[in-house]
>>> print(open('input-v2.pdb').read())   # PDB, C-alpha atoms
ATOM      1  CA  MET X   1      20.407  -3.874  38.585
ATOM      2  CA  ALA X   2      18.358  -6.645  36.989
ATOM      3  CA  ILE X   3      15.972  -4.335  35.216
ATOM      4  CA  LEU X   4      17.361  -1.021  34.035
ATOM      5  CA  LEU X   5      14.317   0.296  32.214
ATOM      6  CA  PRO X   6      11.160  -1.449  33.349
ATOM      7  CA  ARG X   7       8.305  -0.864  30.939
ATOM      8  CA  THR X   8       4.704  -1.880  30.639
ATOM      9  CA  ASN X   9       2.145  -1.423  27.896
ATOM     10  CA  ALA X  10      -0.494   0.802  29.451
ATOM     11  CA  ALA X  11      -2.347   1.493  26.212
ATOM     12  CA  LEU X  12      -5.279  -0.779  27.048
ATOM     13  CA  SER X  13      -5.511   0.694  30.543
ATOM     14  CA  ILE X  14      -5.715   4.224  29.172
ATOM     15  CA  ASN X  15      -7.896   3.247  26.211
ATOM     16  CA  PRO X  16      -9.927   0.234  27.374
ATOM     17  CA  PRO X  17     -10.946  -2.265  24.687
ATOM     18  CA  ALA X  18     -14.615  -2.891  23.984
ATOM     19  CA  GLY X  19     -16.667  -5.766  22.647
ATOM     20  CA  ASN X  20     -16.724  -9.466  23.417
ATOM     21  CA  GLU X  21     -13.928 -10.027  20.900
ATOM     22  CA  ALA X  22     -11.303  -7.380  21.675
ATOM     23  CA  LEU X  23      -7.607  -6.657  21.386
ATOM     24  CA  SER X  24      -5.419  -8.147  24.135
ATOM     25  CA  VAL X  25      -2.297  -6.706  25.786
ATOM     26  CA  ASN X  26      -0.137  -9.189  23.880
ATOM     27  CA  GLY X  27      -1.827  -8.106  20.678
ATOM     28  CA  SER X  28      -1.103  -4.476  21.475
ATOM     29  CA  ASP X  29       2.549  -5.372  22.167
ATOM     30  CA  TRP X  30       2.787  -6.972  18.735
ATOM     31  CA  LEU X  31       1.177  -3.955  17.088
ATOM     32  CA  TRP X  32       3.664  -1.631  18.786
ATOM     33  CA  ALA X  33       6.424  -3.730  17.230
ATOM     34  CA  VAL X  34       4.783  -3.339  13.808
ATOM     35  CA  THR X  35       4.486   0.404  14.448
ATOM     36  CA  ALA X  36       8.202   0.559  15.224
ATOM     37  CA  ILE X  37       9.025  -1.269  11.975
ATOM     38  CA  TYR X  38       6.943   1.214  10.016
ATOM     39  CA  VAL X  39       8.392   4.271  11.763
ATOM     40  CA  VAL X  40      12.015   3.145  11.352
ATOM     41  CA  SER X  41      11.334   2.236   7.724
ATOM     42  CA  PHE X  42       9.709   5.618   7.100
ATOM     43  CA  LEU X  43      12.632   7.550   8.607
ATOM     44  CA  THR X  44      15.201   5.456   6.751
ATOM     45  CA  PHE X  45      13.331   5.679   3.479
ATOM     46  CA  TYR X  46      12.809   9.412   3.775
ATOM     47  CA  ALA X  47      16.520   9.887   4.503
ATOM     48  CA  THR X  48      17.522   7.919   1.386
ATOM     49  CA  SER X  49      15.484  10.291  -0.780
ATOM     50  CA  PHE X  50      18.153  12.952  -0.166
ATOM     51  CA  VAL X  51      20.867  10.796  -1.704
ATOM     52  CA  ALA X  52      18.821   9.502  -4.625
ATOM     53  CA  ARG X  53      19.729  10.841  -8.061
ATOM     54  CA  SER X  54      17.873  13.969  -9.109
ATOM     55  CA  GLY X  55      14.752  13.124 -11.070
ATOM     56  CA  GLU X  56      14.745   9.522  -9.807
ATOM     57  CA  LYS X  57      12.884   9.924  -6.533
ATOM     58  CA  ILE X  58       9.375   8.962  -7.585
ATOM     59  CA  PHE X  59       9.474   5.582  -5.789
ATOM     60  CA  HIS X  60      10.925   7.242  -2.690
ATOM     61  CA  TYR X  61       8.024   9.693  -2.648
ATOM     62  CA  LEU X  62       5.386   7.008  -3.155
ATOM     63  CA  PHE X  63       6.583   4.631  -0.462
ATOM     64  CA  THR X  64       7.354   7.444   1.979
ATOM     65  CA  ILE X  65       3.644   8.285   1.915
ATOM     66  CA  ALA X  66       2.626   4.634   2.417
ATOM     67  CA  LEU X  67       5.082   4.162   5.286
ATOM     68  CA  LEU X  68       4.011   7.365   7.025
ATOM     69  CA  VAL X  69       0.316   6.489   6.813
ATOM     70  CA  GLY X  70       1.082   2.950   7.976
ATOM     71  CA  SER X  71       2.970   4.346  10.974
ATOM     72  CA  ILE X  72       0.001   6.519  11.924
ATOM     73  CA  THR X  73      -2.620   3.801  11.532
ATOM     74  CA  TYR X  74      -0.648   1.142  13.406
ATOM     75  CA  PHE X  75       0.036   3.647  16.173
ATOM     76  CA  ALA X  76      -3.724   4.129  16.456
ATOM     77  CA  ILE X  77      -4.472   0.393  16.496
ATOM     78  CA  ALA X  78      -1.695  -0.400  18.994
ATOM     79  CA  SER X  79      -3.088   2.368  21.208
ATOM     80  CA  ASP X  80      -6.527   0.726  21.007
ATOM     81  CA  LEU X  81      -8.031   3.661  19.162
ATOM     82  CA  ALA X  82      -9.850   4.139  15.842
ATOM     83  CA  PHE X  83     -12.278   1.239  16.242
ATOM     84  CA  LYS X  84     -15.962   0.527  16.380
ATOM     85  CA  VAL X  85     -17.805  -2.302  18.135
ATOM     86  CA  VAL X  86     -19.839  -4.300  15.621
ATOM     87  CA  GLU X  87     -22.303  -7.121  16.200
ATOM     88  CA  VAL X  88     -20.947 -10.420  14.902
ATOM     89  CA  VAL X  89     -22.915 -12.279  12.222
ATOM     90  CA  ASN X  90     -21.039 -15.587  12.013
ATOM     91  CA  GLU X  91     -19.385 -17.854  14.574
ATOM     92  CA  LYS X  92     -20.953 -16.232  17.619
ATOM     93  CA  PRO X  93     -21.384 -18.333  20.788
ATOM     94  CA  VAL X  94     -24.411 -16.320  21.915
ATOM     95  CA  ASP X  95     -26.702 -13.725  20.411
ATOM     96  CA  SER X  96     -25.551 -10.109  20.483
ATOM     97  CA  TRP X  97     -21.889 -11.152  20.390
ATOM     98  CA  THR X  98     -19.723  -8.188  19.398
ATOM     99  CA  ARG X  99     -16.292  -7.664  17.912
ATOM    100  CA  GLN X 100     -13.852  -4.780  17.909
ATOM    101  CA  ILE X 101     -13.285  -3.617  14.314
ATOM    102  CA  PHE X 102     -10.427  -1.171  13.686
ATOM    103  CA  TRP X 103     -11.320   1.138  10.807
ATOM    104  CA  ALA X 104      -7.752   2.506  10.906
ATOM    105  CA  GLU X 105      -6.535  -0.645   9.151
ATOM    106  CA  TYR X 106      -8.736   0.140   6.164
ATOM    107  CA  VAL X 107      -7.338   3.678   6.059
ATOM    108  CA  ASN X 108      -3.898   2.078   5.831
ATOM    109  CA  TRP X 109      -4.947  -0.140   2.927
ATOM    110  CA  VAL X 110      -6.797   2.610   1.042
ATOM    111  CA  VAL X 111      -3.469   4.462   0.847
ATOM    112  CA  SER X 112      -0.900   1.660   0.603
ATOM    113  CA  PHE X 113      -2.648  -0.486  -2.019
ATOM    114  CA  PRO X 114      -2.926   2.379  -4.555
ATOM    115  CA  VAL X 115       0.688   3.370  -3.867
ATOM    116  CA  ILE X 116       1.778  -0.157  -4.762
ATOM    117  CA  THR X 117      -0.358  -0.245  -7.912
ATOM    118  CA  ILE X 118       1.071   3.113  -9.025
ATOM    119  CA  ALA X 119       4.633   1.913  -8.396
ATOM    120  CA  LEU X 120       4.064  -1.281 -10.374
ATOM    121  CA  GLY X 121       2.389   0.692 -13.149
ATOM    122  CA  LEU X 122       5.255   3.179 -13.462
ATOM    123  CA  LEU X 123       7.758   0.326 -13.533
ATOM    124  CA  SER X 124       5.931  -1.669 -16.179
ATOM    125  CA  GLY X 125       5.362   1.306 -18.472
ATOM    126  CA  VAL X 126       1.612   0.832 -18.790
ATOM    127  CA  SER X 127      -0.553   3.805 -19.728
ATOM    128  CA  TRP X 128      -1.870   6.320 -17.225
ATOM    129  CA  ALA X 129      -5.364   5.024 -17.992
ATOM    130  CA  THR X 130      -4.306   1.556 -16.795
ATOM    131  CA  ILE X 131      -2.740   3.002 -13.660
ATOM    132  CA  VAL X 132      -5.928   4.935 -12.838
ATOM    133  CA  TYR X 133      -7.958   1.779 -13.516
ATOM    134  CA  ASN X 134      -5.784  -0.218 -11.102
ATOM    135  CA  VAL X 135      -5.986   2.460  -8.406
ATOM    136  CA  ALA X 136      -9.790   2.502  -8.710
ATOM    137  CA  LEU X 137      -9.863  -1.302  -8.392
ATOM    138  CA  SER X 138      -7.747  -1.188  -5.234
ATOM    139  CA  TRP X 139     -10.068   1.410  -3.705
ATOM    140  CA  THR X 140     -13.113  -0.664  -4.665
ATOM    141  CA  TRP X 141     -11.545  -3.712  -3.031
ATOM    142  CA  VAL X 142     -10.738  -1.984   0.261
ATOM    143  CA  ILE X 143     -13.968   0.023   0.537
ATOM    144  CA  SER X 144     -16.072  -3.077  -0.183
ATOM    145  CA  TYR X 145     -14.321  -4.928   2.635
ATOM    146  CA  LEU X 146     -14.793  -1.936   4.933
ATOM    147  CA  VAL X 147     -18.527  -1.831   4.236
ATOM    148  CA  SER X 148     -18.726  -5.591   4.687
ATOM    149  CA  ALA X 149     -16.939  -5.437   8.048
ATOM    150  CA  PHE X 150     -19.553  -3.014   9.389
ATOM    151  CA  THR X 151     -22.576  -4.813   7.940
ATOM    152  CA  THR X 152     -24.425  -6.756  10.647
ATOM    153  CA  SER X 153     -26.258  -9.240   8.446
ATOM    154  CA  GLN X 154     -25.417 -11.995   5.994
ATOM    155  CA  TYR X 155     -25.530  -9.377   3.235
ATOM    156  CA  LYS X 156     -21.959  -8.564   4.266
ATOM    157  CA  TRP X 157     -20.776 -11.446   2.098
ATOM    158  CA  GLY X 158     -22.198  -9.710  -0.956
ATOM    159  CA  PHE X 159     -19.848  -6.785  -0.352
ATOM    160  CA  PHE X 160     -17.043  -9.278   0.249
ATOM    161  CA  ALA X 161     -17.762 -10.866  -3.139
ATOM    162  CA  PHE X 162     -17.694  -7.488  -4.903
ATOM    163  CA  GLY X 163     -14.426  -6.558  -3.206
ATOM    164  CA  THR X 164     -12.844  -9.904  -4.054
ATOM    165  CA  THR X 165     -13.901  -9.464  -7.685
ATOM    166  CA  ALA X 166     -12.083  -6.117  -7.726
ATOM    167  CA  TRP X 167      -8.984  -7.839  -6.316
ATOM    168  CA  ILE X 168      -9.099 -10.521  -9.032
ATOM    169  CA  LEU X 169      -9.323  -7.860 -11.745
ATOM    170  CA  LEU X 170      -6.427  -6.000 -10.122
ATOM    171  CA  ALA X 171      -4.339  -9.172  -9.966
ATOM    172  CA  VAL X 172      -4.964  -9.930 -13.640
ATOM    173  CA  SER X 173      -4.042  -6.374 -14.641
ATOM    174  CA  THR X 174      -0.835  -6.154 -12.595
ATOM    175  CA  LEU X 175       0.361  -9.674 -13.376
ATOM    176  CA  PHE X 176      -0.467 -10.106 -17.054
ATOM    177  CA  GLY X 177      -1.069  -6.656 -18.501
ATOM    178  CA  GLY X 178       1.877  -5.188 -16.623
ATOM    179  CA  THR X 179       4.220  -8.010 -17.627
ATOM    180  CA  VAL X 180       3.502  -7.537 -21.327
ATOM    181  CA  SER X 181       4.334  -3.845 -21.082
ATOM    182  CA  ALA X 182       7.390  -4.516 -18.897
ATOM    183  CA  ARG X 183       8.963  -6.609 -21.658
ATOM    184  CA  ARG X 184       8.842  -3.618 -23.965
ATOM    185  CA  VAL X 185      10.897  -1.483 -21.545
ATOM    186  CA  GLU X 186      13.204  -4.385 -20.632
ATOM    187  CA  VAL X 187      12.319  -4.734 -16.946
ATOM    188  CA  ALA X 188      10.266  -7.918 -17.246
ATOM    189  CA  ARG X 189      12.358  -9.888 -14.749
ATOM    190  CA  ASP X 190      12.180  -7.266 -12.005
ATOM    191  CA  HIS X 191       8.504  -6.559 -12.676
ATOM    192  CA  THR X 192       7.660 -10.273 -12.512
ATOM    193  CA  LEU X 193       9.505 -10.570  -9.207
ATOM    194  CA  LEU X 194       7.803  -7.538  -7.654
ATOM    195  CA  SER X 195       4.300  -8.103  -9.014
ATOM    196  CA  GLY X 196       4.508 -11.791  -8.116
ATOM    197  CA  TRP X 197       5.480 -10.933  -4.528
ATOM    198  CA  VAL X 198       2.697  -8.348  -4.250
ATOM    199  CA  ASN X 199       0.019 -10.647  -5.641
ATOM    200  CA  LEU X 200       1.128 -13.572  -3.489
ATOM    201  CA  LEU X 201       0.554 -11.391  -0.415
ATOM    202  CA  TRP X 202      -2.661  -9.919  -1.821
ATOM    203  CA  LEU X 203      -3.923 -13.482  -2.236
ATOM    204  CA  LEU X 204      -3.715 -13.914   1.533
ATOM    205  CA  TYR X 205      -5.654 -10.750   2.414
ATOM    206  CA  PRO X 206      -9.130 -12.150   1.537
ATOM    207  CA  ILE X 207      -8.262 -15.233   3.592
ATOM    208  CA  ALA X 208      -7.091 -13.177   6.574
ATOM    209  CA  TRP X 209     -10.116 -10.913   6.342
ATOM    210  CA  GLY X 210     -12.560 -13.809   6.037
ATOM    211  CA  LEU X 211     -11.106 -15.445   9.146
ATOM    212  CA  SER X 212     -11.096 -12.253  11.225
ATOM    213  CA  ASP X 213     -13.275  -9.206  10.539
ATOM    214  CA  GLY X 214     -15.461 -11.137   8.130
ATOM    215  CA  GLY X 215     -16.179 -14.554   9.578
ATOM    216  CA  ASN X 216     -15.009 -14.141  13.202
ATOM    217  CA  ARG X 217     -13.233 -17.507  13.054
ATOM    218  CA  ILE X 218     -10.204 -16.090  14.884
ATOM    219  CA  GLY X 219     -10.006 -13.404  17.564
ATOM    220  CA  VAL X 220      -8.915  -9.792  17.195
ATOM    221  CA  THR X 221      -5.342 -10.420  18.366
ATOM    222  CA  PRO X 222      -4.673 -13.412  16.038
ATOM    223  CA  GLY X 223      -6.289 -11.443  13.230
ATOM    224  CA  TYR X 224      -3.926  -8.523  13.679
ATOM    225  CA  ILE X 225      -0.933 -10.806  13.966
ATOM    226  CA  PHE X 226      -1.953 -12.076  10.515
ATOM    227  CA  PHE X 227      -2.587  -8.577   9.125
ATOM    228  CA  GLY X 228       0.591  -7.189  10.696
ATOM    229  CA  ILE X 229       2.799  -9.814   9.052
ATOM    230  CA  LEU X 230       1.143  -9.242   5.675
ATOM    231  CA  ASP X 231       1.410  -5.453   5.921
ATOM    232  CA  VAL X 232       5.097  -5.511   6.916
ATOM    233  CA  LEU X 233       5.948  -7.821   4.031
ATOM    234  CA  LEU X 234       3.813  -5.797   1.614
ATOM    235  CA  VAL X 235       4.941  -2.236   2.363
ATOM    236  CA  PRO X 236       8.262  -1.869   4.261
ATOM    237  CA  VAL X 237       9.916  -4.932   2.715
ATOM    238  CA  LEU X 238       8.602  -4.187  -0.779
ATOM    239  CA  ALA X 239       9.668  -0.529  -0.510
ATOM    240  CA  PHE X 240      13.303  -1.390   0.139
ATOM    241  CA  VAL X 241      13.354  -4.063  -2.570
ATOM    242  CA  PHE X 242      11.939  -1.512  -5.007
ATOM    243  CA  VAL X 243      14.674   1.005  -4.214
ATOM    244  CA  VAL X 244      17.477  -1.554  -4.424
ATOM    245  CA  LEU X 245      16.300  -2.809  -7.822
ATOM    246  CA  SER X 246      15.572   0.705  -9.126
ATOM    247  CA  ARG X 247      19.263   1.595  -9.057
ATOM    248  CA  LYS X 248      19.792  -0.267 -12.337
ATOM    249  CA  TRP X 249      16.632   0.899 -14.143
ATOM    250  CA  ASP X 250      16.728   3.346 -17.046
ATOM    251  CA  TYR X 251      14.245   6.017 -15.973
ATOM    252  CA  GLY X 252      14.265   7.555 -19.436
ATOM    253  CA  LYS X 253      13.249   4.277 -21.043
ATOM    254  CA  LEU X 254      10.606   3.777 -18.347
ATOM    255  CA  ASN X 255       9.259   7.238 -19.205
ATOM    256  CA  ILE X 256       9.541   8.419 -15.606
ATOM    257  CA  ALA X 257      12.416  10.854 -16.123
ATOM    258  CA  PHE X 258      11.094  13.719 -14.013
ATOM    259  CA  THR X 259      12.610  17.193 -14.288
ATOM    260  CA  ARG X 260      11.560  20.600 -13.039
ATOM    261  CA  TYR X 261       9.324  20.639 -16.108
ATOM    262  CA  GLY X 262       7.476  17.521 -14.990
ATOM    263  CA  ARG X 263       7.346  14.074 -16.534
ATOM    264  CA  VAL X 264       8.988  14.247 -19.967
ATOM    265  CA  HIS X 265       8.298  11.545 -22.538
ATOM    266  CA  HIS X 266      11.235   9.344 -23.562
ATOM    267  CA  GLY X 267      13.640  11.147 -21.307
ATOM    268  CA  GLY X 268      13.669  14.228 -23.570
ATOM    269  CA  GLU X 269      16.184  17.008 -23.995
ATOM    270  CA  PHE X 270      16.177  19.652 -21.290
ATOM    271  CA  PRO X 271      17.626  23.183 -21.406
ATOM    272  CA  GLU X 272      19.516  22.673 -18.155
ATOM    273  CA  LYS X 273      21.410  19.786 -19.799
ATOM    274  CA  THR X 274      22.541  21.729 -22.885
ATOM    275  CA  ALA X 275      25.529  24.045 -23.059
ATOM    276  CA  THR X 276      23.849  26.686 -25.216
ATOM    277  CA  ALA X 277      20.241  27.546 -25.898
ATOM    278  CA  PRO X 278      18.985  26.906 -29.440
ATOM    279  CA  ALA X 279      19.062  29.916 -31.766
ATOM    280  CA  ALA X 280      15.817  31.743 -32.378
ATOM    281  CA  ALA X 281      14.109  30.991 -35.666
ATOM    282  CA  ALA X 282      14.360  33.735 -38.355
ATOM    283  CA  PRO X 283      11.114  35.625 -39.053
ATOM    284  CA  PRO X 284       9.298  34.620 -42.246
ATOM    285  CA  VAL X 285       9.934  36.718 -45.366
ATOM    286  CA  VAL X 286       6.851  38.321 -46.861
ATOM    287  CA  GLY X 287       5.918  40.828 -49.559
ATOM    288  CA  GLU X 288       8.480  42.237 -51.946
ATOM    289  CA  GLN X 289      11.367  40.811 -49.871
ATOM    290  CA  ALA X 290      10.252  37.344 -50.800
ATOM    291  CA  ALA X 291      10.745  38.181 -54.444
TER     292      ALA X 291
END
>>> encode(input="input-v2.pdb", output="structure tokens")
Amino acid sequence: MAILLPRTNAALSINPPAGNEALSVNGSDWLWAVTAIYVVSFLTFYATSFVARSGEKIFHYLFTIALLVGSITYFAIASDLAFKVVEVVNEKPVDSWTRQIFWAEYVNWVVSFPVITIALGLLSGVSWATIVYNVALSWTWVISYLVSAFTTSQYKWGFFAFGTTAWILLAVSTLFGGTVSARRVEVARDHTLLSGWVNLLWLLYPIAWGLSDGGNRIGVTPGYIFFGILDVLLVPVLAFVFVVLSRKWDYGKLNIAFTRYGRVHHGGEFPEKTATAPAAAAPPVVGEQAA
């Protein structure tokens, strides 16, 4: 038998695309492949959390969330769901030219970008205030691009500028501020490798967005080929690199030694690690007994 399991992608037949610029069948096929990468990565990553050393699962937890959300959002986009038809502002052949904008992609970024900033922050040893600052910058970046994508006038580029400013501030913080702190906890080489990889990919996101959802210079399918490659390299690939490198990190020195009591500074001493409990302090002597 020449074809054992014939298959066709019926997603666009069940959920018809809309807009003059819309997702194609080939684009949906590619997005199903990205979905499969995310799902397999999520299942594999979740399974490895059971064999990770106790108290050293924080990166497993973080990237499991990012991979699960990425699986859901790419499933929605591949199925031609979670979109809105928006009138194009730039590069339109005729008036009232429309484009299919998938808001699910922004949901993916609003979860995955903060996860990455938290992971880099925990690795570098920066303060919680810096981590919160970086998370807020990543949200500002993504939400500004989301608002820009749905703005049907030239004012959209103002939101793009604000979002890009947030990205620049985030890049400076993760590259320079994080590296200084990483030297103190002796993970500068690994942090430079990971933050450099992340920021190289983040550099391409404004370009991809400006060509697709922003400027309409490329169609929906080429745009999501671009986004799909970036997302796979940013989340699944980065997640596995993080876990491989984390096997040689000192979680106590990184101040991420988690126990049942929570995050304990400088590793700490824990009752479950001691053979005997410390003796109770004697009551203070008062009155005539003190004499």
>>> residues_near_point(input="input-v2.pdb", point="(4.3, -7.6, 30.4)", cutoff="9 Å", atoms="all atoms listed in the file", output="PyMOL selection string")
chain X and resi 7-9+25-26+29
>>> residues_near_point(input="input-v2.pdb", point="(-20.7, -17.3, 9.7)", cutoff="9 Å", atoms="only C-alpha atoms", output="ChimeraX atom specification")
/X:88-92,154,214-217
>>> atom_distance(input="input-v2.pdb", atom1="atom CA of X:Pro93", atom2="atom CA of X:Gly27")
22.1 Å
>>> atom_distance(input="input-v2.pdb", atom1="atom CA of X:Ile77", atom2="atom CA of X:Trp32")
8.7 Å
>>> closest_residue(input="input-v2.pdb", among="X:Val85, X:Val180, X:Val94, X:Leu120", to="X:Ala149", atoms="only C-alpha atoms")
X:Val85
>>> atom_distance(input="input-v2.pdb", atom1="atom CA of X:Ile131", atom2="atom CA of X:Ile118")
6.0 Å
>>> closest_residue(input="input-v2.pdb", among="X:Val147, X:Ala171, X:Pro206, X:Gly125", to="X:Gly252", atoms="all atoms listed in the file")
X:Gly125
>>> resolve_selection(input="input-v2.pdb", expression="the PyMOL selection byres ((chain X and resi 73) around 12)", output="number ranges by chain")
X: 31-32, 34-36, 38-39, 66-72, 74-83, 102-112, 228, 231
>>> closest_residue(input="input-v2.pdb", among="X:Ile37, X:Leu43, X:Val132, X:Leu123", to="X:Val232", atoms="only C-alpha atoms")
X:Ile37
>>> residues_around(input="input-v2.pdb", residues="X:Asp213", least_positions_apart="4", cutoff="8 Å", atoms="only C-alpha atoms", output="number ranges by chain")
X: 101, 149, 209, 220, 223
>>> closest_residue(input="input-v2.pdb", among="X:Arg183, X:Pro236, X:Ile58, X:Thr64", to="X:Tyr46", atoms="all atoms listed in the file")
X:Thr64
>>> resolve_selection(input="input-v2.pdb", expression="the PyMOL selection byres ((chain X and resi 175) around 8)", output="list in words")
Ala171, Val172, Ser173, Thr174, Phe176, Gly177, Gly178, Thr179, Thr192, Ser195, Gly196 and Asn199 of chain X
>>> closest_residue(input="input-v2.pdb", among="X:Asp95, X:Arg184, X:Phe226, X:Asn15", to="X:Ser212", atoms="all atoms listed in the file")
X:Phe226
>>> resolve_selection(input="input-v2.pdb", expression="the PyMOL selection byres ((chain X and resi 246) around 12)", output="JSON, numbers by chain")
{"X": [52, 53, 56, 57, 58, 59, 60, 119, 120, 122, 123, 187, 190, 191, 194, 238, 239, 240, 241, 242, 243, 244, 245, 247, 248, 249, 250, 251, 254, 256]}
>>> closest_residue(input="input-v2.pdb", among="X:Thr117, X:Thr164, X:Thr98, X:Thr44", to="X:Ala18", atoms="all atoms listed in the file")
X:Thr98
>>> build_atoms(input="input-v2.pdb", residues="stretch 181-188 of chain X", atoms="all heavy atoms", output="tab-separated table (two decimals), in the coordinates of the input")
chain	number	residue	atom	x	y	z
X	181	SER	N	3.75	-5.17	-20.90
X	181	SER	CA	4.33	-3.84	-21.08
X	181	SER	C	5.77	-3.79	-20.57
X	181	SER	O	6.62	-3.10	-21.13
X	181	SER	CB	3.47	-2.79	-20.38
X	181	SER	OG	3.99	-1.50	-20.56
X	182	ALA	N	6.05	-4.53	-19.48
X	182	ALA	CA	7.39	-4.52	-18.90
X	182	ALA	C	8.42	-5.10	-19.85
X	182	ALA	O	9.60	-4.69	-19.83
X	182	ALA	CB	7.39	-5.28	-17.58
X	183	ARG	N	8.02	-6.05	-20.68
X	183	ARG	CA	8.96	-6.61	-21.66
X	183	ARG	C	9.41	-5.54	-22.65
X	183	ARG	O	10.56	-5.54	-23.10
X	183	ARG	CB	8.30	-7.77	-22.40
X	183	ARG	CG	8.03	-9.00	-21.56
X	183	ARG	CD	7.71	-10.21	-22.43
X	183	ARG	NE	7.27	-11.34	-21.62
X	183	ARG	CZ	5.99	-11.70	-21.49
X	183	ARG	NH1	5.06	-11.00	-22.11
X	183	ARG	NH2	5.66	-12.73	-20.74
X	184	ARG	N	8.51	-4.65	-22.98
X	184	ARG	CA	8.84	-3.62	-23.96
X	184	ARG	C	9.91	-2.67	-23.44
X	184	ARG	O	10.74	-2.19	-24.21
X	184	ARG	CB	7.57	-2.84	-24.32
X	184	ARG	CG	7.76	-1.71	-25.29
X	184	ARG	CD	6.42	-1.08	-25.67
X	184	ARG	NE	5.68	-0.68	-24.49
X	184	ARG	CZ	5.90	0.45	-23.82
X	184	ARG	NH1	6.85	1.28	-24.22
X	184	ARG	NH2	5.16	0.77	-22.77
X	185	VAL	N	9.91	-2.40	-22.12
X	185	VAL	CA	10.90	-1.48	-21.54
X	185	VAL	C	12.03	-2.23	-20.85
X	185	VAL	O	12.80	-1.65	-20.10
X	185	VAL	CB	10.21	-0.50	-20.56
X	185	VAL	CG1	9.33	0.48	-21.31
X	185	VAL	CG2	9.40	-1.24	-19.51
X	186	GLU	N	12.08	-3.55	-21.07
X	186	GLU	CA	13.20	-4.38	-20.63
X	186	GLU	C	13.37	-4.44	-19.11
X	186	GLU	O	14.48	-4.42	-18.60
X	186	GLU	CB	14.50	-3.90	-21.29
X	186	GLU	CG	14.45	-3.94	-22.81
X	186	GLU	CD	15.72	-3.39	-23.46
X	186	GLU	OE1	16.65	-3.02	-22.70
X	186	GLU	OE2	15.76	-3.32	-24.70
X	187	VAL	N	12.26	-4.52	-18.40
X	187	VAL	CA	12.32	-4.73	-16.95
X	187	VAL	C	11.41	-5.90	-16.56
X	187	VAL	O	10.90	-5.95	-15.44
X	187	VAL	CB	11.91	-3.46	-16.17
X	187	VAL	CG1	12.96	-2.36	-16.33
X	187	VAL	CG2	10.54	-2.97	-16.61
X	188	ALA	N	11.22	-6.83	-17.48
X	188	ALA	CA	10.27	-7.92	-17.25
X	188	ALA	C	10.65	-8.76	-16.04
X	188	ALA	O	9.78	-9.15	-15.25
X	188	ALA	CB	10.16	-8.79	-18.50
